[in-house]
>>> print(open('structure-v1.txt').read())   # compact mmCIF, C-alpha atoms
# COMPACT_ATOMS: atom_id res chain seq x y z
CA MET A 1 -116.09 39.99 -43.45
CA ASN A 2 -115.15 38.08 -40.43
CA MET A 3 -111.46 36.97 -40.40
CA ARG A 4 -110.03 34.53 -37.73
CA VAL A 5 -106.49 35.29 -36.50
CA PRO A 6 -104.57 32.21 -35.26
CA ASN A 7 -104.04 32.48 -31.57
CA SER A 8 -100.53 31.51 -30.38
CA PHE A 9 -101.97 30.58 -27.06
CA ASP A 10 -103.78 27.70 -28.69
CA ALA A 11 -100.46 26.29 -29.94
CA LEU A 12 -98.93 26.57 -26.52
CA ALA A 13 -101.87 24.81 -25.00
CA ALA A 14 -101.49 21.94 -27.43
CA ARG A 15 -97.82 21.53 -26.59
CA ALA A 16 -98.59 21.59 -22.90
CA GLN A 17 -101.04 18.75 -23.31
CA ALA A 18 -98.34 16.64 -25.05
CA LEU A 19 -95.58 17.43 -22.49
CA PRO A 20 -96.43 14.84 -19.78
CA GLY A 21 -95.98 12.02 -22.23
CA ARG A 22 -92.61 13.27 -23.30
CA ILE A 23 -91.48 13.84 -19.70
CA GLY A 24 -92.47 10.31 -18.89
CA ARG A 25 -90.38 8.95 -21.72
CA VAL A 26 -87.35 11.09 -20.62
CA ASN A 27 -87.66 10.01 -16.96
CA ARG A 28 -87.78 6.34 -17.93
CA ARG A 29 -84.57 6.75 -19.99
CA THR A 30 -82.80 8.62 -17.18
CA ARG A 31 -83.75 5.96 -14.63
CA THR A 32 -82.36 3.27 -16.91
CA ILE A 33 -79.03 5.09 -17.28
CA ALA A 34 -78.77 5.77 -13.51
CA ILE A 35 -79.41 2.11 -12.69
CA ALA A 36 -76.68 1.04 -15.14
CA VAL A 37 -74.15 3.50 -13.67
CA LEU A 38 -74.99 2.40 -10.12
CA ALA A 39 -74.47 -1.23 -11.05
CA ALA A 40 -71.07 -0.41 -12.56
CA LEU A 41 -69.93 1.52 -9.47
CA THR A 42 -71.14 -1.29 -7.21
CA GLY A 43 -69.14 -3.80 -9.21
CA LEU A 44 -66.02 -1.63 -9.11
CA ALA A 45 -66.30 -1.20 -5.34
CA ALA A 46 -66.74 -4.92 -4.89
CA TYR A 47 -63.62 -5.52 -7.00
CA LEU A 48 -61.61 -3.07 -4.98
CA VAL A 49 -62.80 -4.50 -1.68
CA TRP A 50 -62.70 -8.21 -2.41
CA GLY A 51 -60.01 -8.08 -5.08
CA THR A 52 -57.03 -5.85 -4.25
CA GLY A 53 -58.24 -4.83 -0.79
CA GLY A 54 -58.66 -8.38 0.33
CA SER A 55 -55.18 -9.30 -0.81
CA GLU A 56 -53.80 -6.34 1.19
CA ARG A 57 -55.32 -7.69 4.38
CA ALA A 58 -54.16 -11.15 3.59
CA ARG A 59 -50.60 -10.25 2.45
CA PRO A 60 -47.97 -12.75 3.62
CA ALA A 61 -45.77 -11.99 6.65
CA PRO A 62 -42.41 -10.45 5.65
CA LEU A 63 -39.42 -12.77 5.61
CA VAL A 64 -36.65 -11.69 8.03
CA VAL A 65 -33.34 -12.94 9.38
CA THR A 66 -32.87 -12.94 13.15
CA ALA A 67 -30.23 -13.39 15.80
CA VAL A 68 -30.29 -13.95 19.54
CA ALA A 69 -29.02 -11.26 21.92
CA SER A 70 -26.13 -12.53 24.01
CA SER A 71 -24.51 -11.44 27.27
CA ARG A 72 -20.79 -11.16 27.95
CA ASP A 73 -18.13 -8.93 29.48
CA VAL A 74 -17.18 -6.15 27.07
CA THR A 75 -14.06 -4.01 27.11
CA VAL A 76 -14.78 -0.55 25.75
CA VAL A 77 -11.83 0.40 23.54
CA GLU A 78 -11.43 3.48 21.37
CA HIS A 79 -9.37 3.09 18.19
CA THR A 80 -7.62 6.12 16.72
CA ILE A 81 -4.46 7.29 14.95
CA GLY A 82 -1.64 8.91 16.92
CA THR A 83 1.39 10.95 15.93
CA VAL A 84 4.82 10.54 17.51
CA VAL A 85 6.00 13.86 18.96
CA ALA A 86 9.55 14.59 20.13
CA GLU A 87 10.00 15.27 23.83
CA ALA A 88 12.22 18.22 22.92
CA THR A 89 13.58 19.77 19.73
CA VAL A 90 16.62 22.03 20.22
CA GLN A 91 18.22 24.35 17.67
CA VAL A 92 21.94 24.52 18.38
CA THR A 93 23.28 28.05 17.75
CA SER A 94 26.52 29.77 18.64
CA GLN A 95 26.70 32.08 21.67
CA VAL A 96 29.93 33.69 20.43
CA THR A 97 31.20 35.01 17.12
CA GLY A 98 34.05 33.17 15.45
CA GLN A 99 35.15 30.80 12.74
CA LEU A 100 33.61 27.31 12.85
CA MET A 101 36.53 24.91 12.85
CA ARG A 102 35.12 21.38 13.10
CA ALA A 103 32.03 19.18 13.61
CA TYR A 104 32.49 16.19 15.94
CA PHE A 105 29.46 14.12 14.87
CA GLN A 106 27.94 12.53 11.83
CA GLU A 107 24.59 13.73 10.52
CA GLY A 108 21.82 11.59 11.99
CA GLN A 109 23.98 10.38 14.85
CA ILE A 110 22.58 9.64 18.31
CA VAL A 111 24.24 11.96 20.82
CA ARG A 112 24.08 12.31 24.58
CA LYS A 113 23.70 15.42 26.64
CA GLY A 114 27.11 17.12 26.92
CA ASP A 115 28.64 15.52 23.82
CA LEU A 116 30.86 17.90 21.81
CA LEU A 117 29.18 18.93 18.56
CA PHE A 118 31.18 21.88 17.15
CA GLN A 119 34.43 23.71 17.82
CA ILE A 120 34.86 27.41 17.11
CA ASP A 121 38.41 28.79 16.82
CA PRO A 122 39.36 29.25 20.52
CA LYS A 123 42.46 31.41 20.09
CA PRO A 124 40.70 34.82 20.31
CA PHE A 125 38.91 33.73 23.44
CA GLN A 126 42.06 32.35 25.02
CA ALA A 127 43.79 35.67 24.40
CA ALA A 128 40.86 37.58 25.90
CA LEU A 129 41.03 35.38 28.97
CA GLN A 130 44.76 36.01 29.43
CA GLN A 131 44.16 39.75 29.09
CA ALA A 132 41.44 39.61 31.72
CA HIS A 133 43.75 37.75 34.10
CA ALA A 134 46.49 40.33 33.54
CA GLN A 135 44.18 43.21 34.27
CA LEU A 136 43.01 41.48 37.40
CA ALA A 137 46.59 41.00 38.60
CA LYS A 138 47.42 44.65 37.94
CA ASP A 139 44.39 46.00 39.78
CA THR A 140 44.95 43.57 42.64
CA ALA A 141 48.46 44.97 43.16
CA GLN A 142 47.15 48.50 43.09
CA LEU A 143 44.47 47.56 45.57
CA VAL A 144 47.11 46.30 48.01
CA MET A 145 49.00 49.54 47.71
CA ALA A 146 45.84 51.63 48.13
CA GLN A 147 44.88 49.72 51.25
CA ASN A 148 48.37 50.22 52.76
CA ASN A 149 48.17 53.94 52.02
CA LYS A 150 44.79 54.10 53.65
CA GLN A 151 46.14 52.51 56.84
CA ARG A 152 49.08 54.99 56.99
CA TYR A 153 46.81 57.96 56.37
CA ASP A 154 44.47 56.81 59.10
CA LYS A 155 47.36 56.80 61.61
CA LEU A 156 48.60 60.21 60.49
CA PHE A 157 45.12 61.66 60.70
CA ALA A 158 44.79 60.34 64.24
CA GLN A 159 48.00 62.27 65.09
CA ASN A 160 46.65 65.42 63.38
CA ALA A 161 49.57 65.16 60.93
CA ILE A 162 47.40 65.37 57.78
CA SER A 163 44.15 67.00 56.86
CA SER A 164 40.85 65.19 56.67
CA GLN A 165 40.81 65.74 52.92
CA GLN A 166 43.98 63.71 52.47
CA ARG A 167 42.58 60.93 54.63
CA ASP A 168 39.33 60.91 52.51
CA GLU A 169 41.25 60.74 49.26
CA ALA A 170 43.13 57.69 50.51
CA ASP A 171 39.89 56.02 51.51
CA ALA A 172 38.32 56.74 48.10
CA THR A 173 41.33 55.37 46.25
CA ALA A 174 41.20 52.12 48.22
CA ALA A 175 37.43 51.74 47.63
CA SER A 176 37.88 52.44 43.91
CA MET A 177 40.50 49.74 43.61
CA VAL A 178 38.19 47.27 45.37
CA ALA A 179 35.57 47.97 42.69
CA SER A 180 38.13 47.61 39.91
CA VAL A 181 39.25 44.21 41.17
CA THR A 182 35.64 43.07 41.39
CA ALA A 183 35.07 44.15 37.77
CA ASP A 184 38.25 42.41 36.69
CA ARG A 185 37.11 39.16 38.26
CA ALA A 186 33.79 39.43 36.39
CA ALA A 187 35.70 40.04 33.15
CA VAL A 188 37.70 36.88 33.79
CA GLN A 189 34.46 34.91 34.25
CA VAL A 190 33.06 36.30 31.00
CA ALA A 191 36.26 35.39 29.15
CA GLU A 192 36.12 31.89 30.60
CA LEU A 193 32.46 31.54 29.49
CA ASN A 194 33.26 32.71 25.98
CA LEU A 195 36.11 30.25 25.76
CA GLY A 196 33.73 27.52 26.91
CA TYR A 197 31.11 28.63 24.37
CA ALA A 198 33.67 28.04 21.65
CA GLN A 199 32.85 24.38 22.20
CA MET A 200 29.17 23.70 21.44
CA ARG A 201 27.78 20.65 23.20
CA SER A 202 24.47 18.82 22.92
CA PRO A 203 21.92 20.15 25.42
CA VAL A 204 19.80 16.95 25.33
CA ASN A 205 19.95 13.28 24.51
CA GLY A 206 18.74 12.96 20.96
CA LYS A 207 19.35 12.47 17.29
CA THR A 208 21.11 15.06 15.17
CA GLY A 209 19.78 16.34 11.89
CA ALA A 210 21.69 17.69 8.93
CA ILE A 211 24.58 20.12 9.50
CA LEU A 212 23.14 23.44 8.36
CA ILE A 213 26.36 25.50 8.57
CA GLN A 214 29.52 23.72 7.44
CA PRO A 215 32.94 24.15 9.13
CA GLY A 216 34.98 27.02 7.74
CA ASN A 217 32.15 29.52 7.89
CA LEU A 218 32.03 32.48 10.24
CA VAL A 219 29.24 32.14 12.76
CA THR A 220 27.76 35.00 14.77
CA ALA A 221 26.53 35.05 18.32
CA ASN A 222 22.84 34.26 18.84
CA SER A 223 22.10 33.96 15.13
CA THR A 224 18.62 32.90 14.04
CA SER A 225 20.16 30.25 11.78
CA PRO A 226 20.99 27.10 13.76
CA LEU A 227 24.04 24.97 13.08
CA VAL A 228 22.11 21.74 13.66
CA VAL A 229 18.82 20.60 15.17
CA VAL A 230 18.87 17.91 17.85
CA THR A 231 15.63 16.02 18.45
CA GLN A 232 15.12 14.15 21.70
CA ILE A 233 13.65 10.71 20.94
CA GLU A 234 14.11 9.00 24.31
CA PRO A 235 11.39 9.26 25.49
CA VAL A 236 8.79 10.37 22.95
CA LYS A 237 5.18 11.49 23.19
CA ILE A 238 2.30 9.99 21.22
CA SER A 239 -0.37 12.59 20.54
CA PHE A 240 -3.92 11.49 19.65
CA ALA A 241 -7.49 12.75 19.96
CA LEU A 242 -10.67 11.12 21.27
CA PRO A 243 -14.32 12.25 20.94
CA GLN A 244 -15.62 14.56 23.64
CA ALA A 245 -18.33 11.99 24.43
CA ASP A 246 -15.56 9.85 25.97
CA LEU A 247 -14.42 12.65 28.30
CA PRO A 248 -16.25 11.39 31.46
CA ARG A 249 -14.72 7.92 31.11
CA ILE A 250 -11.30 9.43 30.32
CA GLN A 251 -11.40 11.56 33.46
CA GLU A 252 -12.57 8.63 35.60
CA ARG A 253 -9.70 6.39 34.48
CA GLU A 254 -7.24 9.27 34.78
CA ARG A 255 -8.22 9.78 38.42
CA ALA A 256 -7.85 6.04 39.01
CA GLY A 257 -4.40 6.05 37.37
CA THR A 258 -5.39 3.34 34.87
CA LEU A 259 -5.43 5.39 31.67
CA SER A 260 -2.98 3.92 29.16
CA ALA A 261 -2.58 3.39 25.43
CA LEU A 262 -1.56 0.40 23.32
CA LEU A 263 0.51 1.31 20.27
CA SER A 264 0.79 -0.62 17.03
CA MET A 265 3.27 0.39 14.34
CA ARG A 266 1.64 -1.49 11.46
CA ASP A 267 4.67 -3.71 10.86
CA ALA A 268 4.90 -7.42 10.22
CA SER A 269 5.79 -8.25 13.82
CA GLY A 270 2.39 -7.21 15.14
CA ARG A 271 4.04 -6.10 18.36
CA ARG A 272 2.04 -3.78 20.57
CA LEU A 273 3.63 -1.30 22.94
CA SER A 274 2.09 0.00 26.15
CA ALA A 275 2.44 3.65 27.14
CA PRO A 276 0.81 5.46 30.09
CA VAL A 277 -1.32 8.47 29.23
CA ASP A 278 0.03 11.36 31.29
CA PHE A 279 -1.59 14.33 29.56
CA VAL A 280 -5.24 15.22 28.88
CA GLY A 281 -5.90 18.50 27.09
CA ASN A 282 -7.55 21.40 28.87
CA GLN A 283 -10.06 22.17 26.12
CA VAL A 284 -12.16 20.47 23.45
CA SER A 285 -11.60 21.51 19.86
CA ASN A 286 -14.67 23.34 18.58
CA GLN A 287 -13.76 22.28 15.05
CA THR A 288 -13.45 18.52 15.53
CA GLY A 289 -15.27 17.94 18.84
CA THR A 290 -12.27 16.01 20.17
CA ILE A 291 -9.82 16.40 23.04
CA GLU A 292 -6.08 15.75 22.81
CA LEU A 293 -4.30 13.12 24.90
CA ARG A 294 -0.61 12.25 25.07
CA ALA A 295 1.11 9.07 26.14
CA THR A 296 4.81 8.79 27.01
CA PHE A 297 6.92 5.91 25.66
CA ASP A 298 10.55 5.38 26.73
CA ASN A 299 11.63 4.44 23.15
CA ARG A 300 14.91 2.96 24.37
CA ASP A 301 15.45 1.11 21.12
CA ASP A 302 14.67 4.24 19.06
CA ARG A 303 11.84 2.33 17.43
CA LEU A 304 9.56 5.37 17.16
CA VAL A 305 10.50 8.45 15.14
CA PRO A 306 8.92 11.90 15.54
CA GLY A 307 6.20 12.45 12.94
CA GLN A 308 5.49 8.72 12.61
CA LEU A 309 1.83 7.57 12.59
CA VAL A 310 0.83 4.71 14.91
CA ASP A 311 -2.42 2.94 15.70
CA VAL A 312 -3.62 3.71 19.22
CA ASP A 313 -6.08 1.69 21.33
CA VAL A 314 -7.31 3.20 24.60
CA THR A 315 -9.32 1.15 27.09
CA LEU A 316 -12.01 3.35 28.64
CA ASN A 317 -14.34 0.95 30.45
CA ASN A 318 -15.13 -2.66 31.29
CA LEU A 319 -18.82 -3.61 31.02
CA LYS A 320 -19.80 -6.71 33.00
CA HIS A 321 -22.56 -8.99 31.70
CA ALA A 322 -23.49 -6.56 28.94
CA THR A 323 -26.12 -7.33 26.30
CA VAL A 324 -24.66 -7.64 22.81
CA VAL A 325 -26.48 -7.75 19.45
CA PRO A 326 -25.17 -7.79 15.87
CA ARG A 327 -24.54 -4.34 14.48
CA GLU A 328 -27.14 -4.90 11.73
CA ALA A 329 -29.91 -5.18 14.33
CA VAL A 330 -29.66 -1.53 15.39
CA ASN A 331 -31.58 0.98 13.26
CA ASP A 332 -31.70 4.78 13.29
CA GLY A 333 -35.08 6.51 13.48
CA PRO A 334 -36.42 10.02 14.06
CA ALA A 335 -36.73 9.32 17.79
CA GLY A 336 -33.32 7.64 18.09
CA ARG A 337 -32.00 4.12 17.72
CA TYR A 338 -34.23 1.08 17.93
CA VAL A 339 -34.26 -2.70 17.47
CA TYR A 340 -37.02 -5.00 16.23
CA VAL A 341 -37.63 -7.77 18.78
CA VAL A 342 -39.59 -10.85 17.71
CA SER A 343 -41.81 -12.42 20.36
CA ARG A 344 -42.43 -16.13 20.71
CA ASP A 345 -45.64 -15.89 18.69
CA GLY A 346 -43.78 -14.17 15.81
CA ILE A 347 -44.89 -10.58 16.41
CA ALA A 348 -42.35 -7.81 15.76
CA ASP A 349 -42.00 -5.12 18.42
CA MET A 350 -40.03 -1.89 17.98
CA ARG A 351 -37.75 -1.46 21.03
CA PRO A 352 -35.76 1.78 21.65
CA VAL A 353 -32.16 1.14 22.74
CA ASN A 354 -29.07 3.02 23.90
CA VAL A 355 -25.77 2.00 22.29
CA LEU A 356 -23.05 1.69 24.94
CA PHE A 357 -20.26 0.50 22.63
CA ASP A 358 -19.76 -0.32 18.97
CA ASP A 359 -16.79 -2.44 17.95
CA GLY A 360 -17.68 -2.47 14.26
CA THR A 361 -19.19 -5.95 14.37
CA ASP A 362 -21.41 -6.04 17.47
CA MET A 363 -23.09 -3.36 19.52
CA THR A 364 -23.46 -3.34 23.28
CA VAL A 365 -26.93 -1.97 24.04
CA SER A 366 -29.32 -1.32 26.90
CA GLY A 367 -33.04 -1.98 26.50
CA ILE A 368 -32.64 -5.56 25.26
CA LYS A 369 -32.43 -8.67 27.42
CA ARG A 370 -30.24 -11.67 26.93
CA GLY A 371 -31.93 -14.38 24.85
CA GLU A 372 -34.35 -12.10 23.02
CA THR A 373 -34.64 -12.56 19.27
CA VAL A 374 -33.78 -9.51 17.19
CA ILE A 375 -34.16 -8.87 13.45
CA ILE A 376 -30.89 -8.32 11.62
CA ASP A 377 -32.18 -8.27 8.02
CA GLY A 378 -35.51 -7.41 6.39
CA GLN A 379 -36.44 -4.54 8.73
CA LEU A 380 -37.70 -2.36 5.87
CA ARG A 381 -40.69 -4.67 5.33
CA VAL A 382 -41.57 -4.97 9.02
CA VAL A 383 -44.59 -3.19 10.52
CA PRO A 384 -44.48 -2.89 14.33
CA GLY A 385 -47.11 -5.15 15.87
CA ASP A 386 -47.45 -7.40 12.80
CA ALA A 387 -46.32 -10.97 12.40
CA VAL A 388 -43.05 -11.82 10.64
CA LYS A 389 -41.66 -15.01 9.15
CA ILE A 390 -38.14 -16.06 10.13
CA ALA A 391 -36.02 -17.31 7.25
CA ALA A 392 -35.07 -20.96 7.51
CA GLY A 393 -31.44 -21.94 7.88
CA GLY A 394 -30.40 -18.49 8.96
CA GLN A 395 -30.26 -17.22 5.37
CA ARG A 396 -30.79 -13.56 4.78
CA ALA A 397 -34.05 -12.57 3.16
CA LYS A 398 -33.67 -11.12 -0.31
CA ARG A 399 -34.53 -7.46 -0.47
CA GLN A 400 -37.43 -6.68 -2.80
>>> encode(input="structure-v1.txt", output="structure tokens")
Amino acid sequence: MNMRVPNSFDALAARAQALPGRIGRVNRRTRTIAIAVLAALTGLAAYLVWGTGGSERARPAPLVVTAVASSRDVTVVEHTIGTVVAEATVQVTSQVTGQLMRAYFQEGQIVRKGDLLFQIDPKPFQAALQQAHAQLAKDTAQLVMAQNNKQRYDKLFAQNAISSQQRDEADATAASMVASVTADRAAVQVAELNLGYAQMRSPVNGKTGAILIQPGNLVTANSTSPLVVVTQIEPVKISFALPQADLPRIQERERAGTLSALLSMRDASGRRLSAPVDFVGNQVSNQTGTIELRATFDNRDDRLVPGQLVDVDVTLNNLKHATVVPREAVNDGPAGRYVYVVSRDGIADMRPVNVLFDDGTDMTVSGIKRGETVIIDGQLRVVPGDAVKIAAGGQRAKRQ
């Protein structure tokens, strides 16, 4: 019996014949979807270009406030704080040991050089002086006798009446007495000095402090504890520091003899005192980057007191016909300081500048000419080379 087995190849052939139709239907669907996606992307691009992108190109010019650069003579002045320093501070101590009897001044009193400050009991020193004088008189008499003996022995030796040993002994005795008298005279001078040291006088003109050892106490010679401290306040020094960047101008004015300081004591009178600067430090502080200067003030009215703080103004230079702009016009950038300059057609240009002086309100700069218009507000919205709009009436533009 003949049996027919289904051939799988026949089924595959049938499916292959139907495949082109199906592929055609799938391709038509895919093309439809692709066209729709392309249309959507084209619309989105058009929106980005003519919508937001177009507004970016057509954004309005930023609103800024401007000022005009001026030209004038500028005095370069450094402002700082100074400290009043005493010309000399002396600790008065005793050079002899004795009982302190009396103080001849009031605490805080102004004294002059040579004024009597303290008295130590002088009686021991007077007695020592009398003893030294007595010893001197005694040895002087013995010296006269020794010299007379020497003369007699010299004559006898010339007559061969005595030995050379006796003549030498007479000579030695006379020489010894000469030395004794010399020592006695030195002892008298020491006794006189000690008696003088019993009176302690002011070594300088100045103002006394508190009495540190009261009368009645025993004081010792050359003690480390002073009896009083006298501070010289006529004249006084004013110590202050300036930045090391000012050193060339400081040295130039010092050589010219025109370096001086104006002092203000922050009182109601507003009076300013002039003092020549007569000291410039020999090194710059590596901690502060400043150098010390000192000015001398006569202080005849005792107006300044050591330790007092005063305002100090130092003139370092005079700039003729310098260009000045408001401080707000100068900006700091990675490459240094710069200013936005607005041209006549309203275009902003970034101009690098060097700051010669800053007084807190205006800056003296190089790189800008007199009469040029500079931006003082609204710089954050400015793009170099783009147009800007100047606010009317000089009002500042509001920051966004």
>>> residues_around(input="structure-v1.txt", residues="Ser274 of chain A", least_positions_apart="4", cutoff="7 Å", atoms="all atoms listed in the file", output="JSON, numbers by chain")
{"A": [261, 262, 263]}
>>> write_last_selection(input="structure-v1.txt", atoms="C-alpha atoms", output="short mmCIF file (atom, residue, chain, number, x, y, z; two decimals), in the frame of the given file")
data_model
loop_
_atom_site.label_atom_id
_atom_site.label_comp_id
_atom_site.auth_asym_id
_atom_site.auth_seq_id
_atom_site.Cartn_x
_atom_site.Cartn_y
_atom_site.Cartn_z
CA ALA A 261 -2.58 3.39 25.43
CA LEU A 262 -1.56 0.40 23.32
CA LEU A 263 0.51 1.31 20.27
#
>>> atom_distance(input="structure-v1.txt", atom1="atom CA of Ile347 of chain A", atom2="atom CA of Gly333 of chain A")
19.9 Å
>>> atom_distance(input="structure-v1.txt", atom1="atom CA of Asp139 of chain A", atom2="atom CA of Tyr153 of chain A")
20.6 Å
>>> atom_distance(input="structure-v1.txt", atom1="atom CA of Gln130 of chain A", atom2="atom CA of Gln142 of chain A")
18.7 Å
>>> closest_residue(input="structure-v1.txt", among="A:Thr323, A:Ser239, A:Thr373, A:Thr364", to="Gly346 of chain A", atoms="all atoms listed in the file")
A:Thr373
>>> residues_around(input="structure-v1.txt", residues="Asp298 of chain A", least_positions_apart="6", cutoff="8 Å", atoms="all atoms listed in the file", output="count of residues only")
3
>>> residues_around(input="structure-v1.txt", residues="Asp349 of chain A", least_positions_apart="6", cutoff="7 Å", atoms="only C-alpha atoms", output="number ranges by chain")
A: 340-342, 384-385
>>> residues_around(input="structure-v1.txt", residues="Val284 of chain A", least_positions_apart="6", cutoff="12 Å", atoms="all atoms listed in the file", output="PyMOL selection string")
chain A and resi 241-247+290-293
>>> closest_residue(input="structure-v1.txt", among="A:Ala210, A:Ala183, A:Leu195, A:Val74", to="Pro226 of chain A", atoms="all atoms listed in the file")
A:Ala210
>>> closest_atom_pairs(input="structure-v1.txt", of="segment 203-294 of chain A", to="segment 99-122 of chain A", cutoff="6 Å", atoms="only C-alpha atoms", output="CSV")
residue,atom,partner,partner_atom,distance
A:Pro203,CA,A:Lys113,CA,5.2
A:Val204,CA,A:Lys113,CA,4.4
A:Asn205,CA,A:Arg112,CA,4.2
A:Gly206,CA,A:Val111,CA,5.6
A:Lys207,CA,A:Ile110,CA,4.4
A:Thr208,CA,A:Gly108,CA,4.8
A:Gly209,CA,A:Gly108,CA,5.2
A:Ala210,CA,A:Glu107,CA,5.2
A:Pro215,CA,A:Leu100,CA,4.9
A:Gly216,CA,A:Leu100,CA,5.3
A:Asn217,CA,A:Leu100,CA,5.6
A:Leu218,CA,A:Gln99,CA,4.3
>>> residues_around(input="structure-v1.txt", residues="Ala137 of chain A", least_positions_apart="3", cutoff="12 Å", atoms="only C-alpha atoms", output="JSON list (two decimals) with C-alpha atoms, keeping the file's coordinate frame")
[["chain", "number", "residue", "atom", "x", "y", "z"],
["A", 130, "GLN", "CA", 44.76, 36.01, 29.43],
["A", 131, "GLN", "CA", 44.16, 39.75, 29.09],
["A", 132, "ALA", "CA", 41.44, 39.61, 31.72],
["A", 133, "HIS", "CA", 43.75, 37.75, 34.10],
["A", 134, "ALA", "CA", 46.49, 40.33, 33.54],
["A", 140, "THR", "CA", 44.95, 43.57, 42.64],
["A", 141, "ALA", "CA", 48.46, 44.97, 43.16],
["A", 142, "GLN", "CA", 47.15, 48.50, 43.09],
["A", 143, "LEU", "CA", 44.47, 47.56, 45.57],
["A", 144, "VAL", "CA", 47.11, 46.30, 48.01],
["A", 177, "MET", "CA", 40.50, 49.74, 43.61],
["A", 180, "SER", "CA", 38.13, 47.61, 39.91],
["A", 181, "VAL", "CA", 39.25, 44.21, 41.17],
["A", 182, "THR", "CA", 35.64, 43.07, 41.39],
["A", 183, "ALA", "CA", 35.07, 44.15, 37.77],
["A", 184, "ASP", "CA", 38.25, 42.41, 36.69],
["A", 185, "ARG", "CA", 37.11, 39.16, 38.26],
["A", 188, "VAL", "CA", 37.70, 36.88, 33.79]]
>>> closest_residue(input="structure-v1.txt", among="A:Thr97, A:Gln135, A:Val84, A:Ile213", to="Ala186 of chain A", atoms="all atoms listed in the file")
A:Gln135
>>> closest_residue(input="structure-v1.txt", among="A:Met265, A:Ala275, A:Ile250, A:Ala348", to="Leu316 of chain A", atoms="only C-alpha atoms")
A:Ile250
>>> closest_residue(input="structure-v1.txt", among="A:Ala322, A:Ile238, A:Val388, A:Val330", to="Gly307 of chain A", atoms="all atoms listed in the file")
A:Ile238
>>> axis_aligned_box(input="structure-v1.txt", around="segment 371-374 of chain A", padding_each_side="5 Å", output="AutoDock Vina command-line options")
--center_x -33.3 --center_y -11.9 --center_z 21.0 --size_x 12.7 --size_y 14.9 --size_z 17.7
>>> closest_residue(input="structure-v1.txt", among="A:Gln287, A:Asn318, A:Gln159, A:Gln379", to="Tyr338 of chain A", atoms="all atoms listed in the file")
A:Gln379
